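To be precise, the following lines are structure.cif, and they hold mmCIF, C-alpha atoms and all ligand atoms.
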data_my_file
loop_
_atom_site.label_atom_id
_atom_site.label_comp_id
_atom_site.auth_asym_id
_atom_site.auth_seq_id
_atom_site.Cartn_x
_atom_site.Cartn_y
_atom_site.Cartn_z
CA MET A 1 66.08 29.71 -57.41
CA ASN A 2 68.95 30.89 -59.60
CA GLN A 3 70.20 28.27 -62.05
CA PRO A 4 74.00 27.96 -62.36
CA GLN A 5 75.12 29.79 -65.50
CA PRO A 6 77.32 27.91 -67.96
CA THR A 7 80.79 29.18 -68.73
CA LEU A 8 80.49 30.48 -72.26
CA VAL A 9 83.38 31.72 -74.34
CA ALA A 10 83.46 35.43 -73.50
CA ASP A 11 84.19 36.90 -76.93
CA ILE A 12 81.41 34.93 -78.56
CA ALA A 13 78.68 37.00 -76.92
CA ALA A 14 79.73 39.95 -79.07
CA CYS A 15 79.40 37.89 -82.28
CA ARG A 16 75.64 38.13 -82.05
CA ASN A 17 75.90 41.74 -83.22
CA ASP A 18 77.56 40.57 -86.43
CA PHE A 19 74.25 39.03 -87.60
CA PRO A 20 71.79 41.72 -88.72
CA ALA A 21 68.84 39.33 -89.04
CA LEU A 22 68.95 38.57 -85.33
CA ASN A 23 68.25 42.19 -84.51
CA GLN A 24 64.53 42.24 -85.32
CA ASP A 25 61.14 41.68 -83.77
CA VAL A 26 59.01 38.77 -84.91
CA ASN A 27 55.35 38.69 -83.92
CA GLY A 28 55.98 41.52 -81.49
CA HIS A 29 58.91 39.86 -79.71
CA SER A 30 62.65 40.08 -80.25
CA LEU A 31 63.68 37.17 -82.45
CA VAL A 32 65.20 34.06 -80.90
CA TYR A 33 66.64 31.99 -83.72
CA LEU A 34 67.02 28.32 -82.82
CA ASP A 35 66.99 26.80 -86.31
CA SER A 36 70.60 27.03 -87.42
CA ALA A 37 70.75 23.33 -88.28
CA ALA A 38 68.25 24.03 -91.07
CA SER A 39 69.97 27.22 -92.21
CA ALA A 40 72.26 29.50 -90.22
CA GLN A 41 71.96 33.28 -90.33
CA GLN A 42 74.65 35.22 -92.20
CA PRO A 43 77.07 37.69 -90.67
CA LEU A 44 77.40 41.16 -92.19
CA ALA A 45 80.85 40.22 -93.52
CA VAL A 46 79.26 37.58 -95.76
CA ILE A 47 76.39 39.82 -96.86
CA GLU A 48 78.87 42.60 -97.70
CA ALA A 49 81.25 40.31 -99.59
CA VAL A 50 78.36 39.21 -101.82
CA ALA A 51 77.13 42.80 -102.24
CA ARG A 52 80.65 44.06 -103.13
CA TYR A 53 80.96 41.43 -105.82
CA GLN A 54 77.48 42.23 -107.16
CA ASN A 55 78.18 45.97 -107.10
CA ASP A 56 81.67 46.08 -108.51
CA ASP A 57 83.01 42.80 -109.83
CA HIS A 58 80.17 40.84 -111.37
CA ALA A 59 81.23 38.94 -114.48
CA ASN A 60 81.56 35.32 -115.50
CA VAL A 61 84.56 33.38 -114.26
CA HIS A 62 87.39 31.61 -116.12
CA ARG A 63 86.23 32.93 -119.49
CA GLY A 64 86.91 36.58 -120.03
CA VAL A 65 90.12 38.48 -120.67
CA HIS A 66 88.57 41.65 -119.30
CA THR A 67 89.25 43.08 -115.88
CA LEU A 68 85.92 42.30 -114.25
CA SER A 69 86.16 38.65 -115.30
CA HIS A 70 89.68 38.48 -113.85
CA ARG A 71 88.45 39.99 -110.59
CA ALA A 72 85.49 37.63 -110.38
CA THR A 73 87.76 34.64 -111.09
CA GLU A 74 90.24 35.72 -108.46
CA LEU A 75 87.53 36.07 -105.82
CA TYR A 76 85.86 32.78 -106.79
CA GLU A 77 89.08 30.78 -106.88
CA GLY A 78 90.21 32.56 -103.73
CA ALA A 79 87.17 31.09 -101.98
CA ARG A 80 88.24 27.61 -103.13
CA ASP A 81 91.68 28.20 -101.59
CA LYS A 82 90.07 29.26 -98.31
CA LEU A 83 87.89 26.15 -98.31
CA ARG A 84 90.92 23.96 -99.02
CA LYS A 85 92.70 25.32 -95.97
CA PHE A 86 89.52 25.20 -93.86
CA VAL A 87 89.19 21.40 -94.19
CA ASN A 88 92.93 20.82 -94.70
CA ALA A 89 92.60 19.24 -98.14
CA ALA A 90 95.92 18.25 -99.73
CA SER A 91 95.24 20.22 -102.89
CA ARG A 92 92.77 22.68 -104.41
CA ALA A 93 92.05 20.06 -107.09
CA GLU A 94 90.19 18.16 -104.37
CA ILE A 95 87.71 20.96 -103.65
CA VAL A 96 84.74 20.53 -106.00
CA LEU A 97 82.31 23.42 -105.64
CA THR A 98 78.71 22.23 -105.66
CA SER A 99 75.30 23.59 -104.73
CA GLY A 100 75.45 21.83 -101.35
CA THR A 101 75.64 18.52 -99.53
CA THR A 102 72.81 17.04 -101.56
CA GLU A 103 74.56 17.65 -104.86
CA SER A 104 77.89 16.49 -103.45
CA ILE A 105 76.43 13.14 -102.40
CA ASN A 106 74.58 12.70 -105.70
CA LEU A 107 77.84 13.39 -107.51
CA VAL A 108 79.54 10.51 -105.70
CA ALA A 109 76.55 8.23 -106.24
CA GLN A 110 76.49 8.89 -109.98
CA SER A 111 80.20 9.34 -110.74
CA TYR A 112 81.84 6.98 -108.31
CA CYS A 113 79.22 4.29 -107.67
CA ARG A 114 77.20 4.07 -110.85
CA PRO A 115 80.07 3.08 -113.14
CA THR A 116 81.63 0.63 -110.69
CA LEU A 117 78.87 -1.09 -108.69
CA ARG A 118 77.38 -4.38 -109.77
CA SER A 119 74.64 -6.68 -108.58
CA GLY A 120 75.94 -8.34 -105.41
CA ASP A 121 77.72 -5.18 -104.20
CA GLN A 122 76.42 -3.27 -101.19
CA ILE A 123 76.31 0.33 -99.98
CA LEU A 124 76.24 0.70 -96.20
CA ILE A 125 74.56 3.61 -94.39
CA THR A 126 73.06 4.06 -90.92
CA TRP A 127 69.60 4.73 -89.46
CA LEU A 128 70.75 8.23 -88.53
CA GLU A 129 70.93 9.60 -92.03
CA HIS A 130 69.27 12.59 -93.66
CA HIS A 131 67.25 11.79 -96.79
CA SER A 132 70.13 13.27 -98.84
CA ASN A 133 72.27 10.45 -97.59
CA ILE A 134 69.67 7.77 -98.31
CA VAL A 135 67.84 8.52 -101.56
CA PRO A 136 70.90 9.03 -103.85
CA TRP A 137 72.07 5.54 -102.81
CA GLN A 138 68.61 4.05 -103.42
CA LEU A 139 68.70 5.55 -106.91
CA VAL A 140 72.12 4.19 -107.73
CA CYS A 141 71.22 0.78 -106.29
CA GLU A 142 68.24 0.72 -108.62
CA GLN A 143 70.51 1.64 -111.53
CA THR A 144 73.23 -0.92 -110.77
CA GLY A 145 71.51 -3.79 -108.98
CA ALA A 146 73.55 -3.11 -105.81
CA GLU A 147 71.91 -3.38 -102.39
CA LEU A 148 71.52 -0.72 -99.71
CA ILE A 149 72.07 -1.99 -96.17
CA VAL A 150 71.55 -0.05 -92.95
CA ALA A 151 73.26 -0.20 -89.55
CA PRO A 152 70.91 0.29 -86.58
CA ILE A 153 70.97 2.89 -83.81
CA ASN A 154 70.20 2.51 -80.11
CA ASP A 155 67.63 4.33 -77.96
CA ARG A 156 70.04 7.19 -77.33
CA GLY A 157 70.42 7.75 -81.07
CA GLU A 158 73.93 6.32 -81.29
CA ILE A 159 75.05 3.94 -84.04
CA GLU A 160 75.28 0.35 -82.77
CA LEU A 161 78.97 0.06 -83.59
CA ASP A 162 79.23 -3.72 -83.24
CA GLU A 163 76.42 -4.14 -85.72
CA LEU A 164 77.91 -1.55 -88.08
CA TYR A 165 81.24 -3.38 -88.02
CA ALA A 166 79.54 -6.74 -88.53
CA LEU A 167 77.98 -5.35 -91.71
CA MET A 168 81.40 -4.28 -93.10
CA THR A 169 81.93 -7.39 -95.21
CA GLY A 170 83.35 -8.05 -98.67
CA PRO A 171 80.36 -6.93 -100.76
CA VAL A 172 80.30 -3.45 -99.15
CA LYS A 173 81.96 -1.02 -101.54
CA LEU A 174 80.97 2.25 -99.88
CA LEU A 175 80.05 3.41 -96.39
CA SER A 176 78.26 6.75 -96.18
CA LEU A 177 77.41 8.28 -92.83
CA SER A 178 76.85 11.62 -91.21
CA HIS A 179 79.44 13.42 -89.12
CA VAL A 180 76.66 14.80 -86.92
CA SER A 181 72.97 13.81 -87.07
CA ASN A 182 70.73 16.74 -87.95
CA ALA A 183 67.73 15.16 -86.21
CA LEU A 184 69.37 13.98 -82.98
CA GLY A 185 72.68 15.83 -82.73
CA THR A 186 74.66 12.59 -82.34
CA VAL A 187 78.35 13.10 -83.13
CA ASN A 188 79.62 9.89 -84.66
CA PRO A 189 83.03 8.49 -83.66
CA LEU A 190 84.38 8.94 -87.16
CA ARG A 191 88.02 8.11 -86.60
CA GLU A 192 87.22 4.69 -85.19
CA ILE A 193 84.54 3.95 -87.81
CA ILE A 194 86.72 5.09 -90.71
CA ASP A 195 89.65 2.98 -89.45
CA ARG A 196 87.47 -0.11 -89.39
CA ALA A 197 86.06 0.62 -92.85
CA LYS A 198 89.53 1.19 -94.32
CA LYS A 199 90.74 -2.11 -92.90
CA ALA A 200 87.79 -3.76 -94.66
CA GLY A 201 88.74 -2.02 -97.92
CA ILE A 202 85.59 0.15 -97.94
CA THR A 203 85.48 3.65 -99.43
CA VAL A 204 84.01 6.17 -96.95
CA LEU A 205 81.90 9.26 -97.57
CA ILE A 206 81.10 11.59 -94.69
CA ASP A 207 78.01 13.79 -94.81
CA GLY A 208 79.48 16.79 -93.04
CA ALA A 209 76.51 19.16 -93.37
CA GLN A 210 76.20 19.39 -89.58
CA GLY A 211 79.91 18.86 -88.87
CA VAL A 212 81.77 21.78 -90.46
CA PRO A 213 79.73 24.57 -88.83
CA HIS A 214 80.47 23.34 -85.32
CA MET A 215 83.94 21.81 -85.10
CA THR A 216 87.34 21.68 -86.73
CA VAL A 217 87.32 19.29 -89.67
CA ASP A 218 90.58 17.94 -91.04
CA VAL A 219 89.86 15.58 -93.92
CA GLN A 220 93.41 14.24 -93.95
CA ALA A 221 93.33 13.42 -90.25
CA LEU A 222 89.88 11.81 -90.64
CA ASP A 223 91.27 9.70 -93.49
CA CYS A 224 87.89 9.40 -95.20
CA ASP A 225 87.60 9.45 -99.02
CA PHE A 226 84.83 12.01 -99.56
CA TYR A 227 83.46 14.74 -97.29
CA ALA A 228 80.36 16.71 -98.31
CA PHE A 229 79.07 19.98 -96.84
CA SER A 230 76.77 22.97 -97.43
CA GLY A 231 77.48 26.70 -97.30
CA HIS A 232 74.19 27.80 -95.77
CA LYS A 233 74.70 25.82 -92.56
CA MET A 234 78.08 27.48 -91.97
CA PHE A 235 76.91 31.11 -92.27
CA GLY A 236 77.35 31.25 -96.03
CA PRO A 237 74.78 31.70 -98.82
CA THR A 238 72.32 29.03 -99.94
CA GLY A 239 73.11 27.09 -103.10
CA THR A 240 76.79 26.68 -102.24
CA GLY A 241 78.73 23.73 -100.97
CA VAL A 242 81.68 21.43 -101.39
CA LEU A 243 82.55 17.91 -102.25
CA TRP A 244 86.01 17.16 -100.98
CA GLY A 245 87.39 13.97 -102.51
CA ARG A 246 90.76 12.28 -102.65
CA GLU A 247 92.46 13.39 -105.83
CA ALA A 248 93.23 9.83 -106.98
CA LEU A 249 89.56 8.87 -106.73
CA LEU A 250 88.28 12.04 -108.38
CA GLU A 251 90.76 11.50 -111.23
CA GLU A 252 89.25 8.11 -111.97
CA MET A 253 85.64 9.30 -111.85
CA PRO A 254 83.83 10.40 -115.03
CA PRO A 255 82.14 13.81 -115.09
CA TYR A 256 78.76 14.05 -113.46
CA LYS A 257 77.32 16.74 -115.72
CA GLY A 258 78.39 17.98 -119.14
CA GLY A 259 78.60 21.57 -120.30
CA GLY A 260 80.82 24.61 -120.43
CA ASP A 261 83.91 24.93 -118.24
CA MET A 262 84.26 21.19 -117.64
CA ILE A 263 86.04 20.64 -120.95
CA LEU A 264 89.41 21.42 -122.52
CA GLU A 265 88.36 20.67 -126.08
CA VAL A 266 85.11 19.71 -127.77
CA SER A 267 84.48 18.30 -131.21
CA PHE A 268 81.65 16.09 -132.41
CA ASP A 269 84.01 13.09 -132.37
CA ASN A 270 85.71 13.62 -129.10
CA THR A 271 85.62 15.75 -125.98
CA VAL A 272 88.58 16.19 -123.67
CA PHE A 273 87.54 16.89 -120.11
CA ASN A 274 89.05 19.63 -118.02
CA ASP A 275 91.42 18.99 -115.12
CA LEU A 276 90.26 18.63 -111.55
CA PRO A 277 88.26 20.10 -109.99
CA TYR A 278 86.70 21.74 -113.08
CA LYS A 279 85.81 18.39 -114.63
CA PHE A 280 82.93 18.30 -112.13
CA GLU A 281 81.88 21.94 -112.44
CA ALA A 282 79.85 22.26 -115.64
CA GLY A 283 78.21 25.58 -116.45
CA THR A 284 78.32 28.98 -114.80
CA PRO A 285 78.67 28.34 -111.08
CA ASN A 286 77.17 30.18 -108.13
CA ILE A 287 79.86 32.85 -108.22
CA SER A 288 78.44 35.34 -105.74
CA GLY A 289 77.40 32.59 -103.32
CA THR A 290 80.81 30.98 -103.39
CA ILE A 291 82.50 34.31 -102.76
CA GLY A 292 80.15 34.68 -99.79
CA LEU A 293 81.10 31.19 -98.65
CA GLY A 294 84.75 32.23 -98.71
CA ALA A 295 83.84 35.17 -96.46
CA ALA A 296 81.98 32.76 -94.16
CA VAL A 297 85.16 30.68 -93.82
CA ASP A 298 87.09 33.85 -92.91
CA TYR A 299 84.42 34.66 -90.36
CA LEU A 300 84.42 31.18 -88.76
CA GLN A 301 88.20 31.24 -88.55
CA SER A 302 88.23 34.69 -87.01
CA VAL A 303 85.94 33.44 -84.23
CA GLY A 304 87.87 30.16 -83.97
CA MET A 305 86.36 26.70 -84.41
CA ASP A 306 87.50 25.58 -80.96
CA ASN A 307 85.79 28.60 -79.37
CA ILE A 308 82.62 27.81 -81.31
CA SER A 309 82.64 24.15 -80.21
CA GLU A 310 83.25 25.09 -76.59
CA HIS A 311 80.51 27.72 -76.56
CA GLU A 312 77.95 25.46 -78.20
CA LYS A 313 78.77 22.52 -75.95
CA ALA A 314 78.24 24.62 -72.83
CA LEU A 315 75.03 26.09 -74.21
CA HIS A 316 73.73 22.68 -75.26
CA GLU A 317 74.29 21.38 -71.72
CA TYR A 318 72.39 24.39 -70.40
CA LEU A 319 69.55 23.73 -72.85
CA VAL A 320 69.30 20.05 -71.89
CA ASP A 321 69.31 20.97 -68.20
CA LYS A 322 66.58 23.54 -68.63
CA LEU A 323 64.45 21.28 -70.85
CA ALA A 324 64.69 18.55 -68.22
CA GLY A 325 62.98 20.95 -65.80
CA VAL A 326 59.89 21.34 -68.01
CA ASN A 327 57.12 18.96 -67.00
CA GLY A 328 56.20 16.60 -69.81
CA ILE A 329 59.37 17.01 -71.88
CA ARG A 330 60.78 13.93 -73.53
CA LEU A 331 64.21 14.34 -75.08
CA ILE A 332 64.68 12.53 -78.38
CA GLY A 333 68.40 11.95 -78.89
CA THR A 334 70.54 11.62 -75.80
CA ALA A 335 73.83 10.47 -77.31
CA ARG A 336 76.87 10.65 -75.05
CA ASN A 337 78.56 12.80 -77.64
CA GLN A 338 76.00 15.28 -78.91
CA ALA A 339 76.41 18.53 -80.82
CA SER A 340 74.23 21.62 -80.68
CA VAL A 341 70.94 20.04 -81.75
CA GLN A 342 68.19 18.88 -79.41
CA SER A 343 64.98 17.19 -80.48
CA PHE A 344 62.12 16.84 -78.00
CA MET A 345 58.41 16.21 -77.50
CA LEU A 346 56.21 18.04 -75.02
CA ASN A 347 53.42 15.82 -73.67
CA ASP A 348 51.32 14.80 -76.65
CA ILE A 349 51.36 18.24 -78.27
CA HIS A 350 51.88 17.91 -82.01
CA PRO A 351 55.32 19.38 -82.86
CA HIS A 352 53.77 21.68 -85.50
CA ASP A 353 51.38 23.13 -82.90
CA LEU A 354 54.31 23.62 -80.56
CA GLY A 355 56.35 25.32 -83.27
CA THR A 356 53.46 27.66 -84.07
CA ILE A 357 52.89 28.63 -80.43
CA VAL A 358 56.54 29.42 -79.80
CA ASP A 359 56.73 31.32 -83.11
CA HIS A 360 53.99 33.58 -81.80
CA GLN A 361 56.49 34.46 -79.09
CA GLY A 362 59.23 35.25 -81.59
CA ILE A 363 61.03 31.92 -81.28
CA ALA A 364 62.07 29.97 -84.37
CA ILE A 365 62.44 26.22 -83.89
CA ARG A 366 62.11 23.43 -86.42
CA THR A 367 59.31 20.89 -86.27
CA GLY A 368 58.58 17.80 -88.32
CA HIS A 369 60.64 14.86 -89.55
CA HIS A 370 63.78 16.93 -90.27
CA CYS A 371 64.26 15.06 -93.57
CA ALA A 372 65.15 12.01 -91.50
CA MET A 373 61.97 9.93 -91.58
CA PRO A 374 63.73 6.65 -90.68
CA VAL A 375 65.04 8.28 -87.48
CA MET A 376 61.50 9.30 -86.60
CA GLN A 377 60.26 5.78 -87.37
CA ARG A 378 62.96 4.36 -85.09
CA PHE A 379 61.49 6.40 -82.21
CA GLY A 380 57.87 5.69 -83.22
CA LEU A 381 57.17 9.35 -84.00
CA SER A 382 56.02 11.27 -87.05
CA GLY A 383 58.13 14.25 -86.05
CA THR A 384 59.74 16.18 -83.20
CA ALA A 385 60.38 19.76 -82.17
CA ARG A 386 64.04 20.65 -82.57
CA ALA A 387 66.08 23.51 -81.17
CA SER A 388 69.47 23.96 -82.80
CA LEU A 389 72.13 26.33 -81.55
CA GLY A 390 74.60 28.51 -83.38
CA LEU A 391 77.54 30.53 -82.19
CA TYR A 392 75.25 33.56 -81.82
CA ASN A 393 72.86 31.96 -79.31
CA ASN A 394 73.06 32.57 -75.59
CA THR A 395 71.39 31.56 -72.33
CA ASP A 396 68.69 34.24 -72.77
CA ASP A 397 67.61 32.47 -75.97
CA VAL A 398 67.30 29.20 -74.10
CA ASP A 399 65.41 30.86 -71.22
CA ARG A 400 62.97 32.41 -73.71
CA LEU A 401 62.36 28.99 -75.28
CA ILE A 402 61.70 27.44 -71.90
CA LEU A 403 59.19 30.15 -71.00
CA ALA A 404 57.43 29.67 -74.34
CA LEU A 405 57.26 25.90 -73.80
CA GLU A 406 55.76 26.42 -70.34
CA LYS A 407 53.14 28.62 -71.94
CA ALA A 408 52.39 25.95 -74.58
CA ARG A 409 52.06 23.34 -71.84
CA GLN A 410 49.47 25.48 -70.08
CA ILE A 411 47.53 26.14 -73.28
CA PHE A 412 47.27 22.39 -73.94
CA ALA A 413 46.70 21.41 -70.29
N1 LIG B 1 72.78 16.06 -94.49
C1 LIG B 1 72.47 16.59 -93.30
C2 LIG B 1 72.95 15.91 -92.06
C3 LIG B 1 71.73 17.78 -93.24
O1 LIG B 1 71.43 18.31 -92.07
C4 LIG B 1 71.31 18.39 -94.45
C5 LIG B 1 70.46 19.64 -94.42
N2 LIG B 1 69.43 19.62 -93.49
C6 LIG B 1 71.68 17.79 -95.66
C7 LIG B 1 72.40 16.64 -95.64
C8 LIG B 1 71.29 18.42 -96.97
O2 LIG B 1 71.90 19.64 -97.12
P1 LIG B 1 71.49 20.61 -98.32
O3 LIG B 1 70.01 20.70 -98.29
O4 LIG B 1 72.17 21.90 -97.98
O5 LIG B 1 72.00 20.01 -99.57
#
File written out as structure tokens:
Amino acid sequence: MNQPQPTLVADIAACRNDFPALNQDVNGHSLVYLDSAASAQQPLAVIEAVARYQNDDHANVHRGVHTLSHRATELYEGARDKLRKFVNAASRAEIVLTSGTTESINLVAQSYCRPTLRSGDQILITWLEHHSNIVPWQLVCEQTGAELIVAPINDRGEIELDELYALMTGPVKLLSLSHVSNALGTVNPLREIIDRAKKAGITVLIDGAQGVPHMTVDVQALDCDFYAFSGHKMFGPTGTGVLWGREALLEEMPPYKGGGDMILEVSFDNTVFNDLPYKFEAGTPNISGTIGLGAAVDYLQSVGMDNISEHEKALHEYLVDKLAGVNGIRLIGTARNQASVQSFMLNDIHPHDLGTIVDHQGIAIRTGHHCAMPVMQRFGLSGTARASLGLYNNTDDVDRLILALEKARQIFA
């Protein structure tokens, strides 16, 4: 019987050709890449932007009077401007370039929380979080005597909002939660949560690692205080990322690392720190990667974030439908608002075995705890298999996964 086909955004199908890595055979089969939540493939435009810089413009930024240094600076700072517009930050001073979400969150933990938190204060997170949004807070709690408290999730993988709100009391100084869960795909109702936190006088950080690649993000409309994201999940190079922060907060925060570029003047008696955002950018940055990230922003905007969201939503529905037809599948994460990530178990097959069998058929999925061990513990599992979709995936990719899962089921029958 023919399954109904989802309505996908027509122009998106052609985007697949923009990604050279997708055009290869793996283990004798054409590659099906379903691991974009871990790291997305890069379009040729990004690869070429990095190569052009490496070929023609490579020099250090901000330091030289020579032409190559000017060119490199222009490209690097141009990427910051693109990122500012991409998330609608009020000013370029608010775009701190980091090595990724992990560094962005650590920066806030060490520069915002460490100097201000005291014993008796609390940091509030949720059970949905990636280790990057847990461990930096544990470290700073250890350093300051503050306490880390955690809001629960329900069986669908949604935050229990009433319980989250009940935890928003006087001692809570910071709430940090994900935009989208990498393990379960849950899209959190940020506007409502942020409103409640603001009313309680709580500063809010959003871990946007899985948000920015899939939907329009407007930090001013969200009204959060910090928003962290990574380049490699949004079709840019690894080792790049952003901490967006409100200028007034960033102004008050001491530098996170010391070194070149983050100063205006240094003597042994006194050092004057540089202006924002450079105060937080010590040392030679990832120049080529950031230029590539700027090209990734151009690419995402040329496809259109609304088109990407629409395409991925339709494809995710198709995936869930098809998975439901496989005997022995148990979906992990069934939130009412879910983005392009689906975790699942197949009978009692160990996720790593499943991942290996489908890899033999050219299909890349992620297996394990997805750096979200508490989420796994919540569902009584040590890990899951996870398929995550990007703008370049299509129904054929999903059909290939389903066939491979059927094969795995038979092998383990
Ligand atoms: N938060 C979430 C929700 C993530 O998915 C990831 C990456 N898997 C991170 C944080 C960490 O990102 P990075 O490793 O790029 O710093």
Practice item. List all protein, DNA and RNA residues that have at least one atom no more than 9 Å from any atom of ligand LIG 1 (chain B), counting only C-alpha atoms and all ligand atoms, and write them as a ChimeraX atom specification. Key: /A:37-39,99-105,128-133,177-183,207-211,228-233,238-241,370-372
Point to revise | Exercise: region 22-30 of chain A partners within 7 Å, all atoms listed in the file, chain neighbours under 6 positions left out, as a PyMOL selection string | key: chain A and resi 360-362
Mind giving me the axis-aligned box for region 376-380 of chain A with 5 Å on every side, centre plus edges in Å to one decimal, as JSON?
{"center_x": 60.4, "center_y": 6.8, "center_z": -84.8, "size_x": 15.1, "size_y": 14.9, "size_z": 15.2}
Point to revise | Å distance separating CA of Val212 (chain A) from CA of Asn60 (chain A), one decimal place | key: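 Distance reported for this atom pair: 28.5 Å.
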**Study point:** Using only C-alpha atoms: which of A:Glu252, A:Glu281, A:Glu158, A:Glu265 has the shortest distance to Val96 (chain A)
**Key:**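 Between A:Glu252, A:Glu281, A:Glu158, A:Glu265, the residue approaching Val96 (chain A) most closely is A:Glu281.
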Point to revise | Å distance separating CA of Leu381 (chain A) from CA of His369 (chain A), one decimal place | key: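 One can read the CA of Leu381 (chain A) to CA of His369 (chain A) distance as 8.6 Å.
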Revision key, fill the gap. Shortest contact to Ala72 (chain A), candidates A:Ala364, A:Val87, A:Ile291, A:Met168, atoms counted all atoms listed in the file, goes to A:Ile291
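Considering only C-alpha atoms, the residue among A:Leu139, A:Ile159, A:Leu250, A:Val46 positioned nearest to Ser111 (chain A) is A:Leu250.
All protein, DNA and RNA residues at most 8 Å from (48.4, 23.9, -79.8) are Ile349, His350, Asp353, Leu354, Thr356, Ile357, Ala408, Ile411 and Phe412 of chain A, using all atoms listed in the file.
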Exercise for review: Using all atoms listed in the file, determine which residues lie at most 7 Å from region 388-403 of chain A, disregarding the query and same-chain residues fewer than 3 positions distant; provide the list as a count of residues only.
Suggested key: 21
Check your understanding: Just how far from CA of Leu174 (chain A) is CA of Tyr256 (chain A), in Å to one decimal?
Key ->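 Here the two named atoms are 18.1 Å from each other.
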Check your understanding: Hey, what's within 8 Å of Ser119 (chain A) if we count all atoms listed in the file and toss same-chain stuff fewer than 6 positions away? As a ChimeraX atom specification, please?
Key -> /A:144-147
I need the residues from that last selection saved to file as a short mmCIF file (atom, residue, chain, number, x, y, z; two decimals), keeping the file's coordinate frame (with C-alpha atoms), if you can.
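For reference, out-v3.cif as written:
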data_model
loop_
_atom_site.label_atom_id
_atom_site.label_comp_id
_atom_site.auth_asym_id
_atom_site.auth_seq_id
_atom_site.Cartn_x
_atom_site.Cartn_y
_atom_site.Cartn_z
CA THR A 144 73.23 -0.92 -110.77
CA GLY A 145 71.51 -3.79 -108.98
CA ALA A 146 73.55 -3.11 -105.81
CA GLU A 147 71.91 -3.38 -102.39
#
Study note, to complete from the structure: From the list A:Leu97, A:Ala40, A:Leu31, A:Leu148, the nearest residue to Leu276 (chain A) using all atoms listed in the file is A:Leu97
Check your understanding: Which of these, A:Val108, A:Ala59, A:Ile365, A:Ile193, has the shortest distance to Pro351 (chain A) once you count only C-alpha atoms?
Key -> A:Ile365
Excluding Glu247 (chain A) and any residue of its chain fewer than 3 positions from it, enumerate the residues within 7 Å of it, using only C-alpha atoms, and give them as a PDB file with C-alpha atoms, in the coordinates of the input.
ATOM      1  CA  ALA A  93      92.050  20.060-107.090  1.00  0.00           C
ATOM      2  CA  GLU A  94      90.190  18.160-104.370  1.00  0.00           C
ATOM      3  CA  LEU A 250      88.280  12.040-108.380  1.00  0.00           C
ATOM      4  CA  GLU A 251      90.760  11.500-111.230  1.00  0.00           C
TER       5      GLU A 251
END
Practice item. Kindly extract all protein, DNA and RNA residues lying within 9 Å of the coordinates (82.4, 26.7, -90.8) given in the file, considering all atoms listed in the file, and supply them as a list in words. Key: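 Answer for this query, in the requested form: Phe86, Gly211, Val212, Pro213, His214, Met215, Thr216, Val217, Gly231, Lys233, Met234, Phe235, Gly236, Ala296, Val297, Asp298, Tyr299, Leu300, Gln301 and Met305 of chain A.
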Exercise for review: Would you kindly return, as a VMD selection string, each protein, DNA or RNA residue with an atom no farther than 10 Å from any atom of Tyr165 (chain A), considering all atoms listed in the file and excluding same-chain residues fewer than 5 positions away?
Suggested key: chain A and resid 151 160 193 196 to 197 200
**Study point:** Nearest residue to Ala51 (chain A) from the set A:Ser288, A:Gln410, A:Asn307, A:Thr116 (distances using all atoms listed in the file)
**Key:** A:Ser288
